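*Asks:* Below you'll find data_37.cif; it's mmCIF, C-alpha atoms; chains and numbers go by the auth columns.
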```
data_structure
loop_
_atom_site.group_PDB
_atom_site.id
_atom_site.type_symbol
_atom_site.label_atom_id
_atom_site.label_comp_id
_atom_site.label_asym_id
_atom_site.label_seq_id
_atom_site.Cartn_x
_atom_site.Cartn_y
_atom_site.Cartn_z
_atom_site.B_iso_or_equiv
_atom_site.auth_seq_id
_atom_site.auth_asym_id
ATOM 1 C CA MET A 1 76.716 -92.603 -24.234 0.00 1 A
ATOM 2 C CA ASP A 2 77.838 -89.016 -24.567 0.00 2 A
ATOM 3 C CA TYR A 3 75.670 -87.253 -22.004 0.00 3 A
ATOM 4 C CA ARG A 4 76.912 -83.842 -23.192 0.00 4 A
ATOM 5 C CA ASN A 5 74.294 -83.898 -25.944 0.00 5 A
ATOM 6 C CA ARG A 6 71.520 -84.206 -23.374 0.00 6 A
ATOM 7 C CA ILE A 7 72.717 -82.631 -20.115 0.00 7 A
ATOM 8 C CA HIS A 8 73.045 -78.855 -20.069 0.00 8 A
ATOM 9 C CA VAL A 9 74.284 -76.421 -17.411 0.00 9 A
ATOM 10 C CA ASN A 10 73.024 -72.854 -17.546 0.00 10 A
ATOM 11 C CA PRO A 11 73.501 -70.525 -14.553 0.00 11 A
ATOM 12 C CA GLU A 12 70.116 -68.955 -15.376 0.00 12 A
ATOM 13 C CA ILE A 13 68.208 -72.241 -15.104 0.00 13 A
ATOM 14 C CA ARG A 14 67.703 -74.038 -11.778 0.00 14 A
ATOM 15 C CA SER A 15 70.652 -72.154 -10.225 0.00 15 A
ATOM 16 C CA GLY A 16 73.096 -73.740 -12.646 0.00 16 A
ATOM 17 C CA LYS A 17 72.296 -77.342 -11.745 0.00 17 A
ATOM 18 C CA PRO A 18 72.791 -79.798 -14.605 0.00 18 A
ATOM 19 C CA CYS A 19 69.455 -80.195 -16.402 0.00 19 A
ATOM 20 C CA ILE A 20 68.148 -82.360 -19.167 0.00 20 A
ATOM 21 C CA LYS A 21 68.387 -80.192 -22.267 0.00 21 A
ATOM 22 C CA GLY A 22 65.166 -78.408 -23.151 0.00 22 A
ATOM 23 C CA THR A 23 63.675 -78.964 -19.688 0.00 23 A
ATOM 24 C CA ARG A 24 64.043 -77.663 -16.156 0.00 24 A
ATOM 25 C CA ILE A 25 64.390 -81.235 -14.855 0.00 25 A
ATOM 26 C CA THR A 26 67.734 -81.695 -13.130 0.00 26 A
ATOM 27 C CA VAL A 27 69.897 -84.784 -13.010 0.00 27 A
ATOM 28 C CA SER A 28 69.365 -84.811 -9.250 0.00 28 A
ATOM 29 C CA ASP A 29 65.563 -84.705 -9.775 0.00 29 A
ATOM 30 C CA VAL A 30 65.809 -87.902 -11.810 0.00 30 A
ATOM 31 C CA PHE A 31 67.911 -89.595 -9.124 0.00 31 A
ATOM 32 C CA ASP A 32 65.552 -88.374 -6.402 0.00 32 A
ATOM 33 C CA TYR A 33 62.658 -90.061 -8.211 0.00 33 A
ATOM 34 C CA LEU A 34 64.667 -93.246 -8.688 0.00 34 A
ATOM 35 C CA GLY A 35 65.737 -93.100 -5.038 0.00 35 A
ATOM 36 C CA VAL A 36 62.162 -93.136 -3.766 0.00 36 A
ATOM 37 C CA GLY A 37 61.441 -96.225 -5.828 0.00 37 A
ATOM 38 C CA MET A 38 60.085 -94.932 -9.124 0.00 38 A
ATOM 39 C CA THR A 39 61.094 -96.954 -12.140 0.00 39 A
ATOM 40 C CA PRO A 40 62.443 -95.245 -15.254 0.00 40 A
ATOM 41 C CA GLU A 41 59.172 -96.155 -16.963 0.00 41 A
ATOM 42 C CA GLU A 42 57.164 -94.403 -14.226 0.00 42 A
ATOM 43 C CA ILE A 43 59.340 -91.300 -14.564 0.00 43 A
ATOM 44 C CA LEU A 44 58.728 -91.281 -18.314 0.00 44 A
ATOM 45 C CA GLU A 45 54.974 -91.565 -17.713 0.00 45 A
ATOM 46 C CA ASP A 46 55.040 -88.578 -15.349 0.00 46 A
ATOM 47 C CA PHE A 47 57.373 -86.520 -17.560 0.00 47 A
ATOM 48 C CA PRO A 48 56.497 -87.161 -21.207 0.00 48 A
ATOM 49 C CA ASP A 49 59.132 -84.642 -22.349 0.00 49 A
ATOM 50 C CA LEU A 50 61.823 -87.095 -21.193 0.00 50 A
ATOM 51 C CA SER A 51 63.110 -90.141 -23.012 0.00 51 A
ATOM 52 C CA MET A 52 64.905 -93.248 -21.854 0.00 52 A
ATOM 53 C CA ASP A 53 68.053 -91.777 -23.415 0.00 53 A
ATOM 54 C CA ASP A 54 67.659 -88.756 -21.108 0.00 54 A
ATOM 55 C CA ILE A 55 67.604 -91.058 -18.088 0.00 55 A
ATOM 56 C CA ARG A 56 70.624 -92.951 -19.419 0.00 56 A
ATOM 57 C CA ALA A 57 72.381 -89.607 -19.868 0.00 57 A
ATOM 58 C CA CYS A 58 71.779 -88.877 -16.169 0.00 58 A
ATOM 59 C CA TYR A 59 73.503 -92.143 -15.271 0.00 59 A
ATOM 60 C CA ALA A 60 76.392 -91.360 -17.626 0.00 60 A
ATOM 61 C CA TYR A 61 76.724 -87.853 -16.174 0.00 61 A
ATOM 62 C CA ALA A 62 76.793 -89.200 -12.621 0.00 62 A
ATOM 63 C CA ALA A 63 79.359 -91.876 -13.510 0.00 63 A
ATOM 64 C CA ASP A 64 81.593 -89.317 -15.200 0.00 64 A
ATOM 65 C CA ARG A 65 81.309 -86.944 -12.260 0.00 65 A
ATOM 66 C CA ASP A 66 82.155 -89.747 -9.843 0.00 66 A
ATOM 67 C CA ARG A 67 85.298 -90.579 -11.815 0.00 67 A
ATOM 68 C CA LYS A 68 86.397 -86.956 -11.592 0.00 68 A
ATOM 69 C CA ILE A 69 85.948 -86.608 -7.833 0.00 69 A
ATOM 70 C CA MET A 70 89.217 -86.873 -5.989 0.00 70 A
ATOM 71 C CA HIS A 71 88.829 -89.476 -3.282 0.00 71 A
ATOM 72 C CA ARG A 72 90.739 -89.143 -0.063 0.00 72 A
ATOM 73 C CA PRO A 73 92.037 -92.394 1.381 0.00 73 A
ATOM 74 C CA TYR A 74 90.114 -93.578 4.387 0.00 74 A
ATOM 75 C CA GLU A 75 91.896 -92.634 7.583 0.00 75 A
ATOM 76 C CA ALA A 76 91.140 -94.935 10.467 0.00 76 A
ATOM 77 C CA ALA A 77 90.617 -93.330 13.836 0.00 77 A
ATOM 78 C CA VAL A 78 93.455 -94.164 16.185 0.00 78 A
#
```
Produce structure tokens that represent the structure in this file.

*Replies:*
Amino acid sequence: MDYRNRIHVNPEIRSGKPCIKGTRITVSDVFDYLGVGMTPEEILEDFPDLSMDDIRACYAYAADRDRKIMHRPYEAAV
């Protein structure tokens, strides 16, 4: 999935956090809801402006961001 069609960053909206296009709902909002145990279906019930593709776009955005983060090798304490 190409999340770029659904995830938008605008410095004027939510302090420039990545949002689902056409909403003020951030990617991190979606993951916060998932993290407290809501299912995607429950999120869609609470936010009828969202679609399952929007939630999938959040996953794709997070996966892409994770791939781009430079990981430092673990350094064991001596």

*Asks:* List, as a PyMOL selection string, every residue that the PyMOL selection byres ((chain A and resi 53-67) around 10) selects in the file provided.

*Replies:* chain A and resi 1-7+18-21+26-31+40-41+43-44+49-52+68-71

*Asks:* If you measure from CA of His8 (chain A) to CA of Arg24 (chain A), what distance in Å do you get, rounded to one decimal?

*Replies:*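 Taking CA of His8 (chain A) as the start and CA of Arg24 (chain A) as the end point, the length is 9.9 Å.
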
*Asks:* Work out how far apart CA of Leu34 (chain A) and CA of Arg14 (chain A) are and give it in Å to one decimal.

*Replies:* 19.7 Å

*Asks:* Can you work out the spacing between CA of Asn10 (chain A) and CA of Pro48 (chain A) in Å, to one decimal?

*Replies:*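 CA of Pro48 (chain A) lies 22.2 Å from CA of Asn10 (chain A).
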